[in-house]
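K.L.:
Contents are mmCIF, C-alpha atoms; file name final.cif:
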data_query
#
loop_
_atom_site.label_atom_id
_atom_site.label_comp_id
_atom_site.auth_asym_id
_atom_site.auth_seq_id
_atom_site.Cartn_x
_atom_site.Cartn_y
_atom_site.Cartn_z
CA MET A 300 86.21 124.00 225.96
CA GLU A 301 87.23 121.97 222.94
CA PRO A 302 90.00 123.38 220.73
CA SER A 303 88.87 124.80 217.41
CA ILE A 304 89.66 123.03 214.15
CA SER A 305 91.86 125.92 213.03
CA SER A 306 94.00 125.88 216.19
CA SER A 307 94.32 122.09 216.02
CA SER A 308 95.37 122.31 212.36
CA SER A 309 97.94 125.00 213.14
CA ALA A 310 99.40 122.89 215.94
CA THR A 311 99.65 119.91 213.58
CA HIS A 312 101.37 121.99 210.91
CA PHE A 313 103.78 123.38 213.47
CA LEU A 314 104.58 119.86 214.70
CA ILE A 315 105.20 118.60 211.15
CA TYR A 316 107.37 121.63 210.40
CA GLY A 317 109.42 120.96 213.54
CA ILE A 318 109.91 117.31 212.59
CA VAL A 319 111.04 118.27 209.07
CA ILE A 320 113.54 120.79 210.44
CA TYR A 321 114.85 118.23 212.92
CA LEU A 322 115.22 115.50 210.30
CA SER A 323 116.87 117.91 207.84
CA SER A 324 119.40 119.03 210.41
CA THR A 325 120.06 115.42 211.36
CA ILE A 326 120.62 114.42 207.73
CA ILE A 327 122.91 117.39 207.07
CA SER A 328 124.79 116.79 210.28
CA GLY A 329 125.18 113.13 209.38
CA GLY A 330 126.38 114.07 205.91
CA ASN A 331 128.88 116.48 207.39
CA GLU A 332 130.23 113.78 209.66
CA THR A 333 130.54 111.41 206.69
CA ASP A 334 132.54 113.99 204.75
CA HIS A 335 134.69 114.77 207.77
CA GLU A 336 135.55 111.11 208.34
CA ALA A 337 136.24 110.55 204.62
CA LEU A 338 138.71 113.45 204.50
CA LEU A 339 140.53 112.18 207.57
CA GLN A 340 140.79 108.74 205.97
CA ILE A 341 142.18 110.34 202.79
CA ARG A 342 144.66 112.24 204.95
CA SER A 343 145.72 109.00 206.67
CA LEU A 344 147.05 107.57 203.38
CA VAL A 345 149.26 110.60 202.69
CA THR A 346 152.79 109.47 203.47
CA LEU A 347 154.57 112.77 202.85
CA ASP A 348 153.40 116.38 203.06
CA PRO A 349 156.61 118.46 202.91
CA TYR A 350 154.92 121.85 202.59
CA GLY A 351 152.10 121.29 205.07
CA ALA A 352 149.40 121.35 202.41
CA LEU A 353 147.17 119.27 204.71
CA SER A 354 148.25 120.82 208.00
CA THR A 355 144.76 122.25 208.56
CA TRP A 356 143.12 118.84 208.13
CA ASN A 357 142.35 118.30 211.82
CA ASN A 358 139.56 118.86 214.31
CA SER A 359 140.43 122.46 215.11
CA LEU A 360 138.51 123.77 212.09
CA HIS A 361 135.38 122.79 210.21
CA PHE A 362 136.52 120.75 207.22
CA CYS A 363 135.06 123.32 204.81
CA ASP A 364 137.75 125.68 206.12
CA TRP A 365 140.58 123.24 205.46
CA ASP A 366 143.13 124.11 202.78
CA HIS A 367 142.45 122.56 199.35
CA VAL A 368 138.91 121.56 200.34
CA TYR A 369 135.94 123.38 198.81
CA CYS A 370 132.32 123.04 199.95
CA GLY A 371 128.94 124.05 198.62
CA LYS A 372 127.45 127.11 200.33
CA ARG A 373 124.02 125.61 200.98
CA HIS A 374 124.72 122.12 202.26
CA ARG A 375 128.31 122.64 203.46
CA ARG A 376 129.33 119.38 201.80
CA VAL A 377 132.63 118.76 200.00
CA THR A 378 132.38 119.49 196.27
CA TYR A 379 136.05 119.74 195.26
CA ILE A 380 139.39 118.44 196.50
CA GLU A 381 142.54 119.99 195.03
CA LEU A 382 145.85 118.33 195.82
CA GLU A 383 147.86 119.03 192.71
CA SER A 384 151.35 120.51 192.80
CA ASN A 385 151.72 120.54 196.58
CA GLY A 386 154.41 117.91 196.98
CA VAL A 387 151.94 115.49 198.57
CA GLU A 388 152.74 111.77 198.33
CA GLY A 389 150.47 108.83 199.03
CA SER A 390 147.57 106.83 197.62
CA LEU A 391 143.88 107.45 197.08
CA SER A 392 141.65 106.18 199.89
CA PRO A 393 138.49 104.16 199.14
CA TYR A 394 136.73 106.62 201.48
CA VAL A 395 136.72 109.13 198.64
CA GLY A 396 133.58 107.29 197.52
CA ASN A 397 131.75 108.62 200.61
CA LEU A 398 132.03 112.25 199.45
CA SER A 399 128.63 112.06 197.78
CA PHE A 400 128.51 115.75 196.78
CA LEU A 401 131.97 115.72 195.16
CA ARG A 402 131.95 117.31 191.71
CA ARG A 403 135.66 117.61 190.95
CA LEU A 404 138.58 115.41 191.98
CA SER A 405 141.94 116.82 190.92
CA LEU A 406 145.28 115.21 191.66
CA VAL A 407 146.84 115.97 188.28
CA SER A 408 150.16 117.78 188.35
CA ARG A 409 150.28 121.03 186.43
CA TRP A 410 152.08 124.33 186.56
CA ASN A 411 150.44 127.09 188.56
CA PRO A 412 151.56 130.38 190.17
CA THR A 413 151.67 128.83 193.66
CA PHE A 414 153.61 125.76 192.54
CA LEU A 415 155.42 124.13 195.46
CA GLY A 416 156.29 120.71 194.13
CA GLU A 417 154.90 117.78 192.21
CA SER A 418 152.27 115.64 193.90
CA TYR A 419 153.03 111.92 193.81
CA ILE A 420 149.90 109.83 193.97
CA ASN A 421 150.25 106.09 193.43
CA GLY A 422 148.28 102.91 193.91
CA SER A 423 145.02 102.10 192.17
CA ILE A 424 141.68 103.85 191.69
CA PRO A 425 139.26 102.51 194.32
CA HIS A 426 136.06 101.04 192.89
CA THR A 427 134.15 103.19 195.37
CA LEU A 428 134.76 106.14 193.05
CA GLY A 429 131.74 104.85 191.15
CA HIS A 430 129.50 105.93 194.05
CA LEU A 431 129.98 109.61 193.22
CA LYS A 432 126.96 110.37 191.04
CA SER A 433 127.59 114.14 191.18
CA LEU A 434 131.15 113.89 189.88
CA LYS A 435 131.81 115.90 186.70
CA GLU A 436 135.61 115.93 186.48
CA VAL A 437 138.20 113.29 187.34
CA LEU A 438 141.70 114.66 186.79
CA LEU A 439 144.17 111.93 187.73
CA GLY A 440 146.66 112.33 184.92
CA SER A 441 150.39 112.45 185.54
CA CYS A 442 153.24 114.44 184.06
CA ASN A 443 155.91 113.47 186.56
CA LEU A 444 157.22 110.36 188.29
CA SER A 445 154.00 109.46 190.11
CA TYR A 446 151.83 106.75 188.62
CA ILE A 447 148.43 105.32 189.35
CA ASN A 448 148.29 101.67 188.39
CA GLY A 449 145.95 98.72 188.31
CA THR A 450 142.90 98.50 186.08
CA ILE A 451 140.29 101.12 185.34
CA PRO A 452 137.37 99.99 187.54
CA ARG A 453 134.12 98.99 185.81
CA SER A 454 132.32 101.11 188.38
CA ILE A 455 133.49 104.18 186.49
CA GLY A 456 130.51 103.58 184.22
CA SER A 457 128.26 104.60 187.11
CA LEU A 458 129.52 108.19 186.98
CA VAL A 459 126.64 109.23 184.76
CA GLY A 460 127.27 112.95 185.26
CA LEU A 461 130.95 112.77 184.31
CA GLU A 462 132.12 115.17 181.59
CA THR A 463 135.92 115.00 181.81
CA LEU A 464 138.05 111.92 182.49
CA ILE A 465 141.83 112.45 182.55
CA LEU A 466 143.84 109.33 183.43
CA GLY A 467 146.73 109.72 180.99
CA GLY A 468 150.40 109.23 181.77
CA ASN A 469 149.95 106.51 184.38
CA GLN A 470 150.44 102.74 184.47
CA PHE A 471 146.94 101.44 183.95
CA VAL A 472 146.77 97.90 182.58
CA GLY A 473 144.01 95.63 181.29
CA ASN A 474 141.04 96.47 179.12
CA ILE A 475 139.11 99.69 178.81
CA PRO A 476 135.83 98.77 180.57
CA SER A 477 132.83 98.67 178.25
CA THR A 478 130.85 100.46 180.97
CA ILE A 479 132.57 103.64 179.84
CA GLY A 480 129.88 103.72 177.17
CA ASN A 481 127.36 104.67 179.87
CA LEU A 482 128.89 108.13 180.26
CA GLN A 483 126.48 109.96 177.98
CA LYS A 484 127.64 113.42 179.13
CA GLN A 485 131.32 112.67 178.57
CA LYS A 486 133.14 115.31 176.53
CA ILE A 487 136.84 114.60 177.10
CA ILE A 488 138.51 111.21 177.63
CA GLN A 489 142.30 111.08 178.02
CA LEU A 490 143.70 107.59 178.60
CA GLY A 491 146.91 108.01 176.60
CA GLU A 492 150.37 106.87 177.73
CA ASN A 493 149.31 103.90 179.81
CA GLN A 494 149.62 100.14 179.29
CA LEU A 495 146.05 99.41 178.34
CA SER A 496 145.45 96.34 176.17
CA GLY A 497 142.57 94.58 174.46
CA GLN A 498 140.18 96.22 172.04
CA ILE A 499 138.57 99.62 171.95
CA PRO A 500 135.02 98.98 173.25
CA ASP A 501 132.23 99.33 170.70
CA ALA A 502 130.30 101.05 173.48
CA MET A 503 132.44 104.15 173.02
CA GLY A 504 130.22 104.87 170.05
CA ASN A 505 127.46 105.69 172.55
CA LEU A 506 129.30 108.83 173.65
CA SER A 507 127.44 111.30 171.48
CA SER A 508 128.73 114.34 173.42
CA LEU A 509 132.39 113.37 173.08
CA ILE A 510 134.64 116.05 171.58
CA SER A 511 138.12 114.64 172.30
CA LEU A 512 139.27 111.03 172.67
CA ASP A 513 142.91 110.16 173.39
CA LEU A 514 143.88 106.47 173.59
CA SER A 515 147.38 106.96 172.24
CA SER A 516 150.57 105.15 173.33
CA ASN A 517 148.96 102.03 174.76
CA MET A 518 148.89 98.42 173.60
CA LEU A 519 145.40 98.38 172.15
CA GLU A 520 144.75 95.90 169.36
CA GLY A 521 142.00 94.75 167.06
CA VAL A 522 140.09 96.97 164.67
CA ILE A 523 139.01 100.56 165.11
CA PRO A 524 135.30 100.21 165.95
CA SER A 525 133.03 101.63 163.29
CA SER A 526 130.77 102.79 166.13
CA LEU A 527 133.11 105.75 166.67
CA GLY A 528 131.39 107.17 163.62
CA ASN A 529 128.41 107.85 165.91
CA CYS A 530 130.43 110.44 167.84
CA ARG A 531 129.18 113.30 165.71
CA ASN A 532 130.63 116.05 167.90
CA MET A 533 134.19 114.70 167.89
CA LEU A 534 136.85 117.34 167.19
CA ALA A 535 140.02 115.38 167.97
CA LEU A 536 140.91 111.68 167.92
CA TYR A 537 144.29 110.31 169.02
CA LEU A 538 144.85 106.57 168.43
CA TYR A 539 148.54 106.64 167.50
CA ASP A 540 151.22 104.27 168.82
CA ASN A 541 149.08 101.19 169.44
CA LYS A 542 148.70 97.79 167.76
CA LEU A 543 145.46 98.48 165.95
CA SER A 544 144.91 96.48 162.75
CA GLY A 545 142.41 96.17 159.91
CA LYS A 546 141.09 98.97 157.74
CA ILE A 547 140.12 102.49 158.66
CA PRO A 548 136.32 102.37 158.97
CA THR A 549 134.53 104.60 156.51
CA GLN A 550 132.09 105.62 159.26
CA LEU A 551 134.94 107.31 161.13
CA LEU A 552 135.85 109.38 158.09
CA GLN A 553 132.26 110.57 157.84
CA VAL A 554 132.44 112.41 161.16
CA SER A 555 132.39 115.87 159.64
CA SER A 556 133.00 117.54 163.01
CA LEU A 557 136.62 116.26 163.07
CA SER A 558 138.47 119.54 162.65
CA ILE A 559 141.51 119.52 164.96
CA ILE A 560 143.37 116.24 164.50
CA LEU A 561 142.95 112.63 163.41
CA ASP A 562 146.10 110.72 164.37
CA LEU A 563 146.19 107.01 163.51
CA SER A 564 149.95 106.77 163.04
CA LYS A 565 152.21 103.95 164.26
CA ASN A 566 149.64 101.17 164.08
CA LYS A 567 149.21 98.05 161.93
CA LEU A 568 146.38 99.29 159.77
CA PHE A 569 146.33 98.24 156.14
CA GLY A 570 144.44 98.66 152.89
CA SER A 571 143.56 101.69 150.84
CA LEU A 572 142.50 104.98 152.31
CA PRO A 573 138.72 105.28 151.87
CA THR A 574 137.59 108.02 149.51
CA GLU A 575 135.41 109.38 152.33
CA VAL A 576 138.55 111.00 153.72
CA GLY A 577 137.84 113.81 151.28
CA ASP A 578 134.76 114.69 153.37
CA LEU A 579 136.97 115.85 156.24
CA ASN A 580 137.41 119.26 154.69
CA MET A 581 137.59 120.99 158.09
CA LEU A 582 140.39 118.77 159.41
CA THR A 583 143.59 120.60 160.34
CA ILE A 584 145.96 117.65 160.93
CA MET A 585 145.78 114.04 159.80
CA ASP A 586 148.69 111.75 160.63
CA LEU A 587 148.82 108.31 158.98
CA TYR A 588 152.54 107.71 159.34
CA GLN A 589 153.56 104.03 159.37
CA ILE A 590 150.12 102.53 158.91
CA ILE A 591 148.87 102.19 155.35
CA THR A 592 150.64 99.75 153.07
CA TYR A 593 149.36 100.76 149.66
CA LYS A 594 147.15 103.06 147.56
CA VAL A 595 147.97 106.04 149.70
CA LEU A 596 149.84 108.67 147.75
CA PHE A 597 147.09 109.65 145.35
CA LEU A 598 144.47 110.03 148.06
CA LEU A 599 146.83 111.92 150.36
CA ALA A 600 147.48 114.33 147.53
CA LEU A 601 143.71 114.67 147.15
CA VAL A 602 143.34 115.49 150.85
CA ILE A 603 146.08 118.12 150.66
CA VAL A 604 144.39 119.76 147.67
CA VAL A 605 141.01 119.78 149.46
CA ALA A 606 142.52 121.13 152.67
CA PHE A 607 144.30 124.03 151.02
#
Kindly present the structure from the file in structure tokens form.

P.N.:
Amino acid sequence: MEPSISSSSSATHFLIYGIVIYLSSTIISGGNETDHEALLQIRSLVTLDPYGALSTWNNSLHFCDWDHVYCGKRHRRVTYIELESNGVEGSLSPYVGNLSFLRRLSLVSRWNPTFLGESYINGSIPHTLGHLKSLKEVLLGSCNLSYINGTIPRSIGSLVGLETLILGGNQFVGNIPSTIGNLQKQKIIQLGENQLSGQIPDAMGNLSSLISLDLSSNMLEGVIPSSLGNCRNMLALYLYDNKLSGKIPTQLLQVSSLSIILDLSKNKLFGSLPTEVGDLNMLTIMDLYQIITYKVLFLLALVIVVAF
């Protein structure tokens, strides 16, 4: 007796369903193994762990149960690594680029209720960080004696989902990569207190979602790009303590959203203050100390009158 069409179809559907389940489990299992190996490689570059922050990072537990590692509930893949303020010392492994579901990487030192000691992370940022398309926050700033050095990798422009980039207070050198202009979702960029040189990339004007930009206390030179006037959601701009020259672009002073601070002090800017400064009637603080060489007093008085 030949099998009916309906029974044959059901068998085919069941077979396809079984193959899909098998392949899915294989992919997830493979992904889990990738994350597991990446975390162990990260652990291998930790040279000091005085409080045992990474003591659970071994094969006795699933890595999602390790301290300071957070996973998504559905795929059981690593989404967040938190190593701040645990006294950990070491460098950042290139294997971090294999954590393809990672959304937040935090090594920045900050005060918290369970503070044990400053984390000291040194070395450079591996270019493999650019592989992490799901990454939304990179918090690698420093407020202690640990410094990340080297250049900011061009691959950072591949982090198209990134919203917050904190690299301040380190020892970064070289230029700000123009690829940073690819980060269309970027809201906060903090690169202050480094040793960055060269010019501010025109491409930063592409960051239409940007609300805060801090490039202060570096060695940046050249003119302030007029393209920053395209950042129509900007609330705060910190460019003080650099070697910027030329005139303040009128386009920048037409960003009506600037309401917290505009700090251009301690640069080599010159010329008169554009009358467009009077359009910044929501601005709380404007610091132009040690920059403008003439025609300032009248317009500053005008700004004060408008502000108050």

K.L.:
Run the PyMOL selection byres ((chain A and resi 439) around 8) against the file shown and list the residues it catches, as a PyMOL selection string.

P.N.:
chain A and resi 404-407+437-438+440-441+465-467

K.L.:
I need the chosen residues saved as a PDB file, in the frame of the given file, with C-alpha atoms.

P.N.:
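Once everything was written out, this is result-v5.pdb:
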ATOM      1  CA  LEU A 404     138.580 115.410 191.980  1.00  0.00           C
ATOM      2  CA  SER A 405     141.940 116.820 190.920  1.00  0.00           C
ATOM      3  CA  LEU A 406     145.280 115.210 191.660  1.00  0.00           C
ATOM      4  CA  VAL A 407     146.840 115.970 188.280  1.00  0.00           C
ATOM      5  CA  VAL A 437     138.200 113.290 187.340  1.00  0.00           C
ATOM      6  CA  LEU A 438     141.700 114.660 186.790  1.00  0.00           C
ATOM      7  CA  GLY A 440     146.660 112.330 184.920  1.00  0.00           C
ATOM      8  CA  SER A 441     150.390 112.450 185.540  1.00  0.00           C
ATOM      9  CA  ILE A 465     141.830 112.450 182.550  1.00  0.00           C
ATOM     10  CA  LEU A 466     143.840 109.330 183.430  1.00  0.00           C
ATOM     11  CA  GLY A 467     146.730 109.720 180.990  1.00  0.00           C
TER      12      GLY A 467
END

K.L.:
Taking the file as shown, what set of residues would the PyMOL selection byres ((chain A and resi 543-547) around 8) give back, as a list in words?

P.N.:
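This file, filtered by the PyMOL selection byres ((chain A and resi 543-547) around 8), leaves Leu519, Glu520, Gly521, Val522, Ile523, Asn541, Lys542, Pro548, Thr549, Leu551, Asn566, Lys567, Leu568, Phe569, Gly570, Ser571, Leu572 and Pro573 of chain A.
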
K.L.:
Could you take the residues named above and write them with C-alpha atoms, as a PDB file, in the coordinates of the input?

P.N.:
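Final output, saved to part_30.pdb:
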ATOM      1  CA  LEU A 519     145.400  98.380 172.150  1.00  0.00           C
ATOM      2  CA  GLU A 520     144.750  95.900 169.360  1.00  0.00           C
ATOM      3  CA  GLY A 521     142.000  94.750 167.060  1.00  0.00           C
ATOM      4  CA  VAL A 522     140.090  96.970 164.670  1.00  0.00           C
ATOM      5  CA  ILE A 523     139.010 100.560 165.110  1.00  0.00           C
ATOM      6  CA  ASN A 541     149.080 101.190 169.440  1.00  0.00           C
ATOM      7  CA  LYS A 542     148.700  97.790 167.760  1.00  0.00           C
ATOM      8  CA  PRO A 548     136.320 102.370 158.970  1.00  0.00           C
ATOM      9  CA  THR A 549     134.530 104.600 156.510  1.00  0.00           C
ATOM     10  CA  LEU A 551     134.940 107.310 161.130  1.00  0.00           C
ATOM     11  CA  ASN A 566     149.640 101.170 164.080  1.00  0.00           C
ATOM     12  CA  LYS A 567     149.210  98.050 161.930  1.00  0.00           C
ATOM     13  CA  LEU A 568     146.380  99.290 159.770  1.00  0.00           C
ATOM     14  CA  PHE A 569     146.330  98.240 156.140  1.00  0.00           C
ATOM     15  CA  GLY A 570     144.440  98.660 152.890  1.00  0.00           C
ATOM     16  CA  SER A 571     143.560 101.690 150.840  1.00  0.00           C
ATOM     17  CA  LEU A 572     142.500 104.980 152.310  1.00  0.00           C
ATOM     18  CA  PRO A 573     138.720 105.280 151.870  1.00  0.00           C
TER      19      PRO A 573
END

K.L.:
Given only C-alpha atoms as the basis, pick out the residue of A:Asn357, A:Ser390, A:Ser516, A:Asn385 nearest to Leu344 in chain A.

P.N.:
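Of the candidates, the smallest distance to Leu344 in chain A is held by A:Ser390.
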
K.L.:
Running the PyMOL selection byres ((chain A and resi 476) around 8) on this model by hand, what would come out? Give it as a PDB file with C-alpha atoms, in the frame of the given file.

P.N.:
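So selection_24.pdb came out as:
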ATOM      1  CA  ILE A 451     140.290 101.120 185.340  1.00  0.00           C
ATOM      2  CA  PRO A 452     137.370  99.990 187.540  1.00  0.00           C
ATOM      3  CA  ARG A 453     134.120  98.990 185.810  1.00  0.00           C
ATOM      4  CA  ASN A 474     141.040  96.470 179.120  1.00  0.00           C
ATOM      5  CA  ILE A 475     139.110  99.690 178.810  1.00  0.00           C
ATOM      6  CA  SER A 477     132.830  98.670 178.250  1.00  0.00           C
ATOM      7  CA  THR A 478     130.850 100.460 180.970  1.00  0.00           C
ATOM      8  CA  ILE A 479     132.570 103.640 179.840  1.00  0.00           C
ATOM      9  CA  PRO A 500     135.020  98.980 173.250  1.00  0.00           C
TER      10      PRO A 500
END

K.L.:
Between A:Cys370, A:Gly473, A:Gln485, A:Gly396, which has the minimum distance to Glu436 in chain A (counting only C-alpha atoms)?

P.N.:
A:Gln485

K.L.:
Rank A:Arg342, A:Lys432, A:His335, A:His374 by their smallest atom-to-atom distance to His361 in chain A, using all atoms listed in the file, and report the top residue only.

P.N.:
A:His335

K.L.:
Do you know which residues are at most 9 Å from Gln553 in chain A counting all atoms listed in the file, after dropping those on the same chain fewer than 4 positions away, and could you put them as a ChimeraX atom specification?

P.N.:
/A:528,531,549,557,575-576,578-579

K.L.:
Quick one: residues within 6 Å of range 561-564 of chain A, all atoms listed in the file counted, chain neighbours fewer than 2 positions away excluded, as a compact mmCIF listing (two decimals) with C-alpha atoms, keeping the file's coordinate frame?

P.N.:
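Now in part-v4.txt:
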# COMPACT_ATOMS: atom_id res chain seq x y z
CA LEU A 536 140.91 111.68 167.92
CA TYR A 537 144.29 110.31 169.02
CA LEU A 538 144.85 106.57 168.43
CA TYR A 539 148.54 106.64 167.50
CA ASN A 566 149.64 101.17 164.08
CA MET A 585 145.78 114.04 159.80
CA ASP A 586 148.69 111.75 160.63
CA LEU A 587 148.82 108.31 158.98
CA TYR A 588 152.54 107.71 159.34
CA GLN A 589 153.56 104.03 159.37
CA ILE A 590 150.12 102.53 158.91

K.L.:
So that I can see what lies close to Cys363 in chain A, please list as an MDAnalysis selection string the residues with an atom at most 9 Å from it, counting only C-alpha atoms and leaving out residues fewer than 6 positions away in the same chain.

P.N.:
chainID A and resid 369:371 375:377

K.L.:
For the residues in that selection, give me C-alpha atoms as an mmCIF file, in the frame of the given file.

P.N.:
data_model
loop_
_atom_site.group_PDB
_atom_site.id
_atom_site.type_symbol
_atom_site.label_atom_id
_atom_site.label_comp_id
_atom_site.auth_asym_id
_atom_site.auth_seq_id
_atom_site.Cartn_x
_atom_site.Cartn_y
_atom_site.Cartn_z
ATOM 1 C CA TYR A 369 135.940 123.380 198.810
ATOM 2 C CA CYS A 370 132.320 123.040 199.950
ATOM 3 C CA GLY A 371 128.940 124.050 198.620
ATOM 4 C CA ARG A 375 128.310 122.640 203.460
ATOM 5 C CA ARG A 376 129.330 119.380 201.800
ATOM 6 C CA VAL A 377 132.630 118.760 200.000
#

K.L.:
In terms of the shortest atom-to-atom distance over only C-alpha atoms, which of A:Leu482, A:Ser496, A:Ile487, A:Ile559 is closest to Ile510 in chain A?

P.N.:
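Under the stated criterion, the closest residue is A:Ile487.
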
K.L.:
For CA of Leu495 in chain A and CA of Ser457 in chain A, quote the distance in Å rounded to one decimal.

P.N.:
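Atom-to-atom, CA of Leu495 in chain A and CA of Ser457 in chain A are spaced 20.5 Å apart.
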
K.L.:
From the set A:Thr378, A:Ser525, A:Thr583, A:Gln489, which residue has the shortest atom-to-atom contact distance to Asn397 in chain A, counting all atoms listed in the file?

P.N.:
A:Thr378

K.L.:
Rounded to one decimal place, report the CA of Asp501 in chain A-CA of Ser558 in chain A distance in Å.

P.N.:
22.6 Å

K.L.:
Neighbouring residues of Tyr350 in chain A were defined as those with any atom within 8 Å, considering all atoms listed in the file; residues of the same chain fewer than 2 positions away were excluded. Please report them as a list in words.

P.N.:
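After dropping sequence-adjacent residues, the list is Asp348, Ala352, Asn385, Gly386 and Leu415 of chain A.
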
K.L.:
What would the file look like if the residues just selected were written as an mmCIF file, keeping the file's coordinate frame with C-alpha atoms?

P.N.:
data_model
loop_
_atom_site.group_PDB
_atom_site.id
_atom_site.type_symbol
_atom_site.label_atom_id
_atom_site.label_comp_id
_atom_site.auth_asym_id
_atom_site.auth_seq_id
_atom_site.Cartn_x
_atom_site.Cartn_y
_atom_site.Cartn_z
ATOM 1 C CA ASP A 348 153.400 116.380 203.060
ATOM 2 C CA ALA A 352 149.400 121.350 202.410
ATOM 3 C CA ASN A 385 151.720 120.540 196.580
ATOM 4 C CA GLY A 386 154.410 117.910 196.980
ATOM 5 C CA LEU A 415 155.420 124.130 195.460
#

K.L.:
Would you compute the distance between CA of Gln550 in chain A and CA of Asn505 in chain A? Give it in Å to one decimal.

P.N.:
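Rounded to one decimal, the two atoms are 14.1 Å apart.
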
K.L.:
Rank nothing, just name the residue among A:Leu428, A:Val459, A:Val554, A:Ile499 nearest to Tyr394 in chain A, using all atoms listed in the file.

P.N.:
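That would be A:Leu428, the residue with the smallest distance to Tyr394 in chain A.
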